[in-house]
$ cat run29.txt   # compact mmCIF, C-alpha atoms and all ligand atoms
# COMPACT_ATOMS: atom_id res chain seq x y z
CA MET A 26 116.50 -19.35 65.05
CA SER A 27 112.82 -19.58 64.10
CA VAL A 28 110.95 -16.87 62.24
CA ALA A 29 108.27 -14.88 64.08
CA ILE A 30 107.04 -12.77 61.16
CA GLN A 31 107.31 -13.59 57.48
CA THR A 32 105.63 -11.44 54.88
CA ASP A 33 105.53 -12.00 51.15
CA ARG A 34 104.72 -9.01 48.92
CA LEU A 35 102.21 -7.67 51.45
CA THR A 36 100.34 -4.74 49.97
CA LYS A 37 97.69 -2.23 51.05
CA LEU A 38 97.02 0.75 48.83
CA TYR A 39 94.87 3.74 49.70
CA GLY A 40 95.57 5.49 46.44
CA PRO A 41 98.51 6.25 44.21
CA GLY A 42 101.55 6.85 46.40
CA SER A 43 99.97 5.90 49.74
CA GLY A 44 99.84 2.73 51.79
CA CYS A 45 102.52 0.09 51.39
CA ARG A 46 103.48 -2.10 48.47
CA GLY A 47 105.01 -5.50 48.01
CA ILE A 48 106.63 -5.74 51.42
CA THR A 49 108.64 -8.90 51.91
CA LEU A 50 110.47 -9.21 55.18
CA SER A 51 111.38 -11.69 57.81
CA VAL A 52 111.73 -11.12 61.57
CA LYS A 53 113.53 -13.77 63.58
CA SER A 54 112.15 -14.87 66.96
CA GLY A 55 113.77 -13.12 69.89
CA GLN A 56 114.79 -10.06 67.87
CA ILE A 57 114.02 -6.40 68.27
CA PHE A 58 113.23 -5.35 64.71
CA GLY A 59 113.16 -1.63 63.92
CA PHE A 60 110.82 -0.39 61.21
CA LEU A 61 111.80 3.10 60.10
CA GLY A 62 110.65 5.62 57.60
CA PRO A 63 109.55 9.23 57.18
CA ASN A 64 106.03 10.40 57.98
CA GLY A 65 103.48 8.78 55.74
CA ALA A 66 105.86 6.04 54.55
CA GLY A 67 103.33 3.32 55.41
CA LYS A 68 104.74 1.96 58.69
CA SER A 69 101.47 2.02 60.65
CA THR A 70 99.58 0.60 57.67
CA PHE A 71 101.97 -2.35 57.62
CA VAL A 72 101.62 -2.99 61.35
CA LYS A 73 97.83 -2.70 61.19
CA MET A 74 97.81 -5.47 58.56
CA LEU A 75 99.99 -7.68 60.76
CA VAL A 76 97.83 -7.25 63.85
CA GLY A 77 94.66 -7.89 61.83
CA LEU A 78 93.11 -4.41 61.95
CA ILE A 79 93.08 -3.99 58.17
CA ARG A 80 93.06 -6.51 55.36
CA PRO A 81 95.84 -6.53 52.79
CA ASP A 82 94.94 -6.00 49.12
CA ALA A 83 97.57 -8.52 48.06
CA GLY A 84 100.37 -10.67 49.38
CA ARG A 85 100.67 -13.13 52.23
CA ALA A 86 102.07 -13.26 55.73
CA GLU A 87 102.64 -15.70 58.56
CA ILE A 88 102.76 -14.62 62.18
CA LEU A 89 104.24 -17.16 64.60
CA GLY A 90 103.69 -19.82 61.96
CA LEU A 91 99.99 -19.01 61.51
CA PRO A 92 98.51 -17.47 58.36
CA LEU A 93 97.54 -13.80 58.64
CA GLY A 94 93.97 -13.44 59.91
CA HIS A 95 94.05 -16.62 62.05
CA ARG A 96 92.18 -16.02 65.32
CA GLU A 97 94.88 -17.60 67.45
CA ILE A 98 97.34 -14.86 66.43
CA ARG A 99 95.46 -12.34 68.53
CA ARG A 100 96.14 -14.34 71.68
CA GLN A 101 99.84 -14.35 70.91
CA ILE A 102 100.46 -10.68 70.25
CA GLY A 103 100.52 -7.43 72.18
CA TYR A 104 99.91 -4.16 70.35
CA LEU A 105 100.52 -0.56 71.32
CA PRO A 106 98.91 1.64 68.65
CA GLU A 107 100.44 4.91 67.56
CA LEU A 108 97.29 6.83 68.49
CA PHE A 109 96.33 5.41 71.85
CA ARG A 110 93.28 6.35 73.82
CA TYR A 111 91.84 4.61 76.84
CA GLN A 112 88.56 4.86 78.70
CA ASP A 113 89.30 8.05 80.61
CA TRP A 114 86.59 7.55 83.25
CA LEU A 115 88.31 4.35 84.44
CA THR A 116 91.37 4.01 86.64
CA ALA A 117 94.58 2.45 85.23
CA GLU A 118 93.78 -0.76 87.11
CA GLU A 119 90.24 -0.87 85.74
CA VAL A 120 91.44 -0.37 82.15
CA LEU A 121 93.78 -3.31 82.59
CA ARG A 122 91.05 -5.46 84.18
CA PHE A 123 88.88 -4.74 81.17
CA HIS A 124 91.67 -5.73 78.78
CA ALA A 125 92.42 -8.86 80.83
CA GLN A 126 88.74 -9.84 80.63
CA LEU A 127 88.81 -9.44 76.84
CA GLY A 128 91.88 -11.68 76.76
CA GLY A 129 90.29 -14.33 78.99
CA LEU A 130 92.53 -13.73 82.00
CA GLY A 131 90.83 -13.80 85.39
CA GLY A 132 91.19 -14.41 89.12
CA GLU A 133 94.38 -14.03 91.10
CA ARG A 134 96.53 -14.52 87.95
CA ARG A 135 94.93 -11.42 86.47
CA GLU A 136 95.56 -9.32 89.58
CA LYS A 137 99.16 -10.52 89.75
CA ARG A 138 99.77 -9.68 86.08
CA ILE A 139 98.20 -6.24 86.50
CA ARG A 140 100.47 -5.44 89.44
CA ARG A 141 103.48 -6.71 87.52
CA VAL A 142 102.88 -4.71 84.32
CA LEU A 143 101.98 -1.51 86.17
CA ASN A 144 105.23 -1.87 88.02
CA ASP A 145 107.17 -2.58 84.79
CA VAL A 146 105.91 0.60 83.12
CA GLY A 147 106.42 2.83 86.17
CA LEU A 148 102.76 3.32 87.11
CA ALA A 149 102.79 1.33 90.34
CA GLY A 150 101.90 4.34 92.49
CA ARG A 151 99.13 5.63 90.19
CA THR A 152 96.87 2.59 89.87
CA LYS A 153 93.79 4.19 91.47
CA GLU A 154 93.89 7.43 89.47
CA ARG A 155 91.47 8.00 86.65
CA VAL A 156 93.02 8.00 83.19
CA ARG A 157 91.54 11.47 82.56
CA HIS A 158 94.01 12.82 85.11
CA PHE A 159 96.96 11.12 83.42
CA SER A 160 99.50 13.07 81.38
CA LYS A 161 100.06 11.95 77.79
CA GLY A 162 103.24 10.13 78.83
CA MET A 163 101.40 8.27 81.60
CA GLN A 164 98.70 7.26 79.13
CA GLN A 165 101.36 5.89 76.82
CA ARG A 166 102.84 3.94 79.73
CA LEU A 167 99.36 2.52 80.30
CA GLY A 168 99.37 1.51 76.61
CA TRP A 169 102.59 -0.41 77.20
CA ALA A 170 100.97 -2.11 80.18
CA CYS A 171 97.98 -3.16 78.02
CA ALA A 172 100.32 -4.57 75.35
CA LEU A 173 102.30 -6.55 77.93
CA LEU A 174 99.35 -7.68 80.04
CA LEU A 175 98.78 -11.15 78.56
CA ASP A 176 102.52 -11.82 78.42
CA PRO A 177 102.52 -12.33 74.62
CA PRO A 178 105.59 -13.72 72.84
CA LEU A 179 105.31 -11.08 70.09
CA LEU A 180 104.88 -7.32 70.56
CA PHE A 181 104.01 -4.67 68.00
CA LEU A 182 104.89 -1.22 69.31
CA ASP A 183 103.98 1.71 67.08
CA GLU A 184 105.97 4.82 68.11
CA PRO A 185 105.97 3.60 71.73
CA SER A 186 108.01 6.46 73.18
CA SER A 187 106.48 9.37 71.27
CA ALA A 188 104.90 10.90 74.41
CA LEU A 189 107.69 10.09 76.86
CA ASP A 190 110.33 12.41 78.30
CA PRO A 191 114.04 11.45 78.03
CA MET A 192 113.92 9.55 81.32
CA GLY A 193 110.82 7.68 80.23
CA ARG A 194 112.49 6.82 76.93
CA HIS A 195 115.50 5.51 78.77
CA ASP A 196 113.28 3.37 81.03
CA MET A 197 111.45 1.97 78.04
CA ARG A 198 114.70 1.10 76.25
CA GLN A 199 115.73 -0.84 79.35
CA LEU A 200 112.35 -2.56 79.37
CA LEU A 201 112.74 -3.50 75.68
CA LEU A 202 116.14 -5.04 76.39
CA ARG A 203 114.73 -7.00 79.31
CA LEU A 204 111.83 -8.25 77.20
CA ARG A 205 114.27 -9.44 74.54
CA GLN A 206 116.25 -11.23 77.22
CA GLU A 207 113.03 -12.99 78.23
CA GLY A 208 112.77 -14.24 74.62
CA LYS A 209 110.09 -11.88 73.27
CA THR A 210 110.08 -10.73 69.67
CA ILE A 211 109.51 -7.01 69.26
CA PHE A 212 108.47 -5.18 66.12
CA LEU A 213 109.21 -1.52 66.73
CA ASN A 214 107.93 1.31 64.56
CA THR A 215 109.86 4.39 65.48
CA HIS A 216 111.33 7.72 64.46
CA LEU A 217 113.76 7.66 67.38
CA LEU A 218 117.03 6.71 65.76
CA GLU A 219 118.71 6.64 69.15
CA ASP A 220 116.35 3.81 70.14
CA VAL A 221 117.13 1.97 66.95
CA GLU A 222 120.87 2.28 67.33
CA SER A 223 120.83 1.17 70.94
CA VAL A 224 118.32 -1.70 70.93
CA CYS A 225 117.52 -3.02 67.44
CA ASP A 226 119.09 -6.16 66.03
CA GLU A 227 117.82 -5.53 62.50
CA VAL A 228 116.10 -2.68 60.74
CA ALA A 229 114.13 -2.04 57.58
CA PHE A 230 113.70 1.41 56.03
CA LEU A 231 110.42 2.13 54.38
CA VAL A 232 110.09 5.05 51.97
CA ASN A 233 106.97 5.72 49.93
CA GLY A 234 105.49 2.37 50.89
CA ARG A 235 108.49 0.34 49.73
CA ILE A 236 111.45 -1.15 51.56
CA ARG A 237 114.61 0.69 50.54
CA ALA A 238 117.15 -1.03 52.78
CA GLN A 239 117.20 -3.84 55.28
CA GLY A 240 119.81 -5.54 57.44
CA THR A 241 121.56 -5.45 60.78
CA VAL A 242 122.32 -1.98 62.13
CA GLU A 243 126.01 -2.85 62.11
CA ALA A 244 126.04 -4.02 58.47
CA LEU A 245 124.05 -1.00 57.33
CA LEU A 246 126.24 1.50 59.07
CA HIS A 247 129.65 -0.12 58.85
CA PRO A 248 129.97 -2.26 55.73
CA GLU A 249 133.67 -1.38 55.58
CA LEU A 250 136.33 0.05 57.90
CA ARG A 251 137.01 3.63 56.84
CA TRP A 252 139.67 5.54 58.75
CA GLU A 253 140.02 9.30 58.95
CA PHE A 254 143.17 11.37 59.58
CA GLU A 255 143.19 15.06 60.48
CA VAL A 256 146.55 16.39 59.39
CA GLY A 257 148.65 19.53 59.15
CA GLY A 258 151.47 20.30 56.74
CA TRP A 259 149.52 18.85 53.85
CA GLU A 260 150.41 19.81 50.29
CA PRO A 261 148.76 18.56 47.14
CA GLY A 262 150.91 15.85 45.57
CA ILE A 263 152.90 15.23 48.77
CA LEU A 264 152.25 11.49 48.54
CA GLU A 265 152.84 11.31 44.78
CA GLY A 266 155.43 8.81 43.68
CA PHE A 267 155.06 6.86 46.86
CA THR A 268 154.61 3.12 46.18
CA ASP A 269 151.93 1.51 48.20
CA PRO A 270 152.39 -2.26 48.53
CA ALA A 271 148.93 -2.82 50.04
CA GLY A 272 147.15 -0.87 47.28
CA ILE A 273 145.55 1.51 49.77
CA SER A 274 144.20 4.68 48.27
CA ILE A 275 144.14 7.80 50.44
CA GLN A 276 141.39 10.27 49.59
CA VAL A 277 141.44 13.96 50.45
CA VAL A 278 138.02 14.78 51.90
CA GLU A 279 138.81 18.41 52.71
CA ALA A 280 141.90 20.63 52.52
CA ASP A 281 142.55 24.33 53.08
CA ASP A 282 145.38 26.58 51.93
CA ARG A 283 147.04 26.52 55.38
CA GLY A 284 147.95 22.86 55.08
CA PHE A 285 145.11 21.48 57.15
CA ALA A 286 143.42 18.43 55.57
CA ARG A 287 141.04 15.58 56.32
CA LEU A 288 142.08 12.34 54.66
CA GLN A 289 140.25 9.02 54.52
CA ALA A 290 141.22 5.49 53.54
CA VAL A 291 139.43 2.13 53.58
CA VAL A 292 141.54 -0.22 55.67
CA THR A 293 141.34 -3.89 56.58
CA ASP A 294 142.22 -3.37 60.25
CA ARG A 295 143.77 -1.00 62.83
CA GLU A 296 147.28 -2.14 61.95
CA GLN A 297 146.84 -0.88 58.41
CA ALA A 298 145.57 2.45 59.78
CA GLY A 299 148.67 2.64 61.99
CA TRP A 300 150.81 1.96 58.97
CA ILE A 301 149.23 4.88 57.05
CA ASN A 302 149.76 7.04 60.11
CA ALA A 303 153.48 6.22 60.11
CA LEU A 304 153.69 6.87 56.38
CA LEU A 305 152.16 10.34 56.76
CA VAL A 306 154.57 11.22 59.56
CA GLU A 307 157.47 9.97 57.43
CA GLN A 308 156.46 12.46 54.75
CA GLY A 309 156.68 15.30 57.27
CA ILE A 310 152.91 15.54 57.79
CA THR A 311 151.59 16.14 61.33
CA VAL A 312 148.72 13.82 62.32
CA TYR A 313 146.48 15.66 64.80
CA ALA A 314 143.87 12.94 65.14
CA SER A 315 142.87 9.69 63.55
CA GLY A 316 140.13 7.12 64.04
CA PRO A 317 137.36 5.13 62.39
CA VAL A 318 134.64 7.11 60.60
CA GLN A 319 131.34 6.78 62.45
CA THR A 320 128.23 6.76 60.31
CA HIS A 321 125.12 7.62 62.27
CA LEU A 322 121.71 6.32 61.53
CA GLU A 323 120.51 9.88 61.10
CA GLN A 324 122.71 10.32 58.00
CA TRP A 325 121.25 7.12 56.67
CA PHE A 326 117.72 8.09 57.41
CA LEU A 327 118.08 11.47 55.73
CA ALA A 328 119.77 10.01 52.68
CA LEU A 329 117.07 7.40 52.20
CA ALA A 330 114.21 9.75 52.90
CA GLU A 331 115.58 12.32 50.46
CA GLY A 332 115.57 9.68 47.76
CA GLU A 333 111.79 9.33 48.14
CA GLY A 334 110.20 8.59 44.81
CA GLY A 335 113.56 7.84 43.23
CA GLU A 336 113.43 4.32 41.91
CA THR A 337 117.17 4.43 41.22
CA ARG A 338 117.97 4.77 44.91
CA GLY A 339 115.78 1.76 45.62
CA SER A 340 117.90 -0.34 43.32
CA ARG A 341 121.20 0.54 45.01
CA ASP A 342 122.48 -2.02 47.40
CA VAL A 343 122.95 -1.39 51.08
CA ALA A 344 126.75 -1.34 51.10
CA ASP A 345 126.68 1.11 48.22
CA LEU A 346 124.35 3.44 50.11
CA ALA A 347 126.44 3.24 53.24
CA ARG A 348 129.58 4.19 51.33
CA ASP A 349 127.84 7.06 49.65
CA PRO A 350 124.58 7.92 51.39
CA ALA A 351 124.15 11.10 49.38
N1 LIG B 1 92.56 4.83 56.33
C1 LIG B 1 93.26 5.49 55.41
N2 LIG B 1 92.65 6.01 54.33
C2 LIG B 1 93.33 6.67 53.37
N3 LIG B 1 94.67 6.84 53.39
C3 LIG B 1 95.35 6.33 54.44
C4 LIG B 1 94.68 5.64 55.50
N4 LIG B 1 95.62 5.25 56.40
C5 LIG B 1 96.81 5.69 55.94
N5 LIG B 1 96.65 6.33 54.77
C6 LIG B 1 97.71 6.91 53.94
O1 LIG B 1 98.74 5.93 53.74
C7 LIG B 1 100.02 6.53 53.85
C8 LIG B 1 100.82 5.82 54.93
O2 LIG B 1 100.25 6.14 56.20
P1 LIG B 1 100.82 5.48 57.54
O3 LIG B 1 100.02 6.03 58.66
O4 LIG B 1 100.89 4.01 57.38
O5 LIG B 1 102.29 6.08 57.54
P2 LIG B 1 103.39 6.09 58.71
O6 LIG B 1 104.68 5.70 58.05
O7 LIG B 1 102.95 5.28 59.86
O8 LIG B 1 103.44 7.63 59.07
P3 LIG B 1 103.78 8.40 60.46
O9 LIG B 1 105.24 8.20 60.71
O10 LIG B 1 103.45 9.81 60.15
O11 LIG B 1 102.92 7.81 61.53
C9 LIG B 1 99.79 8.02 54.11
O12 LIG B 1 99.87 8.68 52.87
C10 LIG B 1 98.39 8.07 54.66
O13 LIG B 1 97.75 9.28 54.34

$ encode --input "run29.txt" --output "structure tokens" --more "lines below"
Ligand SMILES: Nc1ncnc2c1ncn2[C@@H]1O[C@H](COP(=O)(O)OP(=O)(O)OP(=O)(O)O)[C@@H](O)[C@H]1O
Amino acid sequence: MSVAIQTDRLTKLYGPGSGCRGITLSVKSGQIFGFLGPNGAGKSTFVKMLVGLIRPDAGRAEILGLPLGHREIRRQIGYLPELFRYQDWLTAEEVLRFHAQLGGLGGERREKRIRRVLNDVGLAGRTKERVRHFSKGMQQRLGWACALLLDPPLLFLDEPSSALDPMGRHDMRQLLLRLRQEGKTIFLNTHLLEDVESVCDEVAFLVNGRIRAQGTVEALLHPELRWEFEVGGWEPGILEGFTDPAGISIQVVEADDRGFARLQAVVTDREQAGWINALLVEQGITVYASGPVQTHLEQWFLALAEGEGGETRGSRDVADLARDPA
């Protein structure tokens, strides 16, 4: 798989503690890459460097094999800015014609592309309306249309669903998946963890201008199989003296004085979880429920964001954070 974006210690500083520093990351072609972080983390600054709107202070980058700043890159990328604003005296169609003209697209091909992208973003019936009469969500849909217009292989979308209602967000997630199927690479800045969990192949978390964690969503959230058991009839020491041939350690996460407890164990597979289940029952414990522990991206996000400014958190590895996000 080739690499669409490669950055090497890319840096832009606006002052102490703002901007982004030393960002090294790699985005494979054909991926949806999620770029996450709390407000002010430096996500938009990073994207603006990649699309050529601001110059880095230090570091290097290659976009589609071309060095950052190369004119050809602009032909190959689509960009939806976080703060979008279009000529509100024009109609949606006219805005797109203007953008097509800037991109060197004309004639019947242009008209065909305009019809196609307006249809893709759900504005097919609103093409003759002036942008000033558009709702914020419709304007953002127009922004998507502008980004897609020249059919670029690489898209930078900065908070692309921020103005959309739940249905609109759903539509856009479907569109993202379709674009990936068509082979596009998508760099997605977002706060919507639902989007990240459902469409992103890899993610990077930015806090205070630095990358704190990076990897596939699956590896970040589930570096190990942890199983939970909700039980009744629990007593401290009930499993004492029991010899465990597999060396599994069962931890008590929570227990009350009526014998209710939540237990957890790291297991290699479901069979091992079933074996623990049988063991508990053998000891006279009632198992009400059991299943794998689900870590949600939100827990991750909060744990990383709370560590803002803490260099020690930055040095912890991803698996370590996933085991103990707090
Ligand atoms: N042109 C600028 N001049 C001075 N400071 C800036 C400028 N642009 C951004 N910053 C600062 O850099 C930091 C990162 O801003 P940036 O907009 O990149 O963050 P972000 O992660 O995209 O935030 P949000 O999620 O709120 O959009 C902030 O502290 C911001 O105030």

$ residues_around --input "run29.txt" --residues "A:Leu148" --least-positions-apart "2" --cutoff "12 Å" --atoms "only C-alpha atoms" --output "PDB file with C-alpha atoms, keeping the file's coordinate frame"
ATOM      1  CA  THR A 116      91.370   4.010  86.640  1.00  0.00           C
ATOM      2  CA  ALA A 117      94.580   2.450  85.230  1.00  0.00           C
ATOM      3  CA  GLU A 118      93.780  -0.760  87.110  1.00  0.00           C
ATOM      4  CA  ILE A 139      98.200  -6.240  86.500  1.00  0.00           C
ATOM      5  CA  ARG A 140     100.470  -5.440  89.440  1.00  0.00           C
ATOM      6  CA  ARG A 141     103.480  -6.710  87.520  1.00  0.00           C
ATOM      7  CA  VAL A 142     102.880  -4.710  84.320  1.00  0.00           C
ATOM      8  CA  LEU A 143     101.980  -1.510  86.170  1.00  0.00           C
ATOM      9  CA  ASN A 144     105.230  -1.870  88.020  1.00  0.00           C
ATOM     10  CA  ASP A 145     107.170  -2.580  84.790  1.00  0.00           C
ATOM     11  CA  VAL A 146     105.910   0.600  83.120  1.00  0.00           C
ATOM     12  CA  GLY A 150     101.900   4.340  92.490  1.00  0.00           C
ATOM     13  CA  ARG A 151      99.130   5.630  90.190  1.00  0.00           C
ATOM     14  CA  THR A 152      96.870   2.590  89.870  1.00  0.00           C
ATOM     15  CA  LYS A 153      93.790   4.190  91.470  1.00  0.00           C
ATOM     16  CA  GLU A 154      93.890   7.430  89.470  1.00  0.00           C
ATOM     17  CA  VAL A 156      93.020   8.000  83.190  1.00  0.00           C
ATOM     18  CA  PHE A 159      96.960  11.120  83.420  1.00  0.00           C
ATOM     19  CA  SER A 160      99.500  13.070  81.380  1.00  0.00           C
ATOM     20  CA  GLY A 162     103.240  10.130  78.830  1.00  0.00           C
ATOM     21  CA  MET A 163     101.400   8.270  81.600  1.00  0.00           C
ATOM     22  CA  GLN A 164      98.700   7.260  79.130  1.00  0.00           C
ATOM     23  CA  GLN A 165     101.360   5.890  76.820  1.00  0.00           C
ATOM     24  CA  ARG A 166     102.840   3.940  79.730  1.00  0.00           C
ATOM     25  CA  LEU A 167      99.360   2.520  80.300  1.00  0.00           C
ATOM     26  CA  GLY A 168      99.370   1.510  76.610  1.00  0.00           C
ATOM     27  CA  TRP A 169     102.590  -0.410  77.200  1.00  0.00           C
ATOM     28  CA  ALA A 170     100.970  -2.110  80.180  1.00  0.00           C
ATOM     29  CA  GLY A 193     110.820   7.680  80.230  1.00  0.00           C
TER      30      GLY A 193
END

$ atom_distance --input "run29.txt" --atom1 "atom CA of A:Thr311" --atom2 "atom CA of A:Pro248"
28.9 Å

$ closest_residue --input "run29.txt" --among "A:Leu38, A:Ala314, A:Val278, A:Ile273" --to "A:Val292" --atoms "all atoms listed in the file"
A:Ile273

$ residues_near_ligand --input "run29.txt" --ligand "ligand LIG 1 (chain B)" --cutoff "7 Å" --atoms "all atoms listed in the file" --output "list of chain:residue names"
A:Tyr39, A:Gly42, A:Ser43, A:Gly44, A:Cys45, A:Gly62, A:Pro63, A:Asn64, A:Gly65, A:Ala66, A:Gly67, A:Lys68, A:Ser69, A:Thr70, A:Phe71

$ residues_near_point --input "run29.txt" --point "(101.0, -20.6, 63.0)" --cutoff "12 Å" --atoms "only C-alpha atoms" --output "number ranges by chain"
A: 27-31, 86-101

$ atom_distance --input "run29.txt" --atom1 "atom CA of A:Val291" --atom2 "atom CA of A:Glu260"
21.1 Å

$ closest_residue --input "run29.txt" --among "A:Ile102, A:Leu180, A:Ala229, A:Leu174" --to "A:Thr49" --atoms "only C-alpha atoms"
A:Ala229

$ atom_distance --input "run29.txt" --atom1 "atom CA of A:Asp190" --atom2 "atom CA of A:Asp226"
23.9 Å
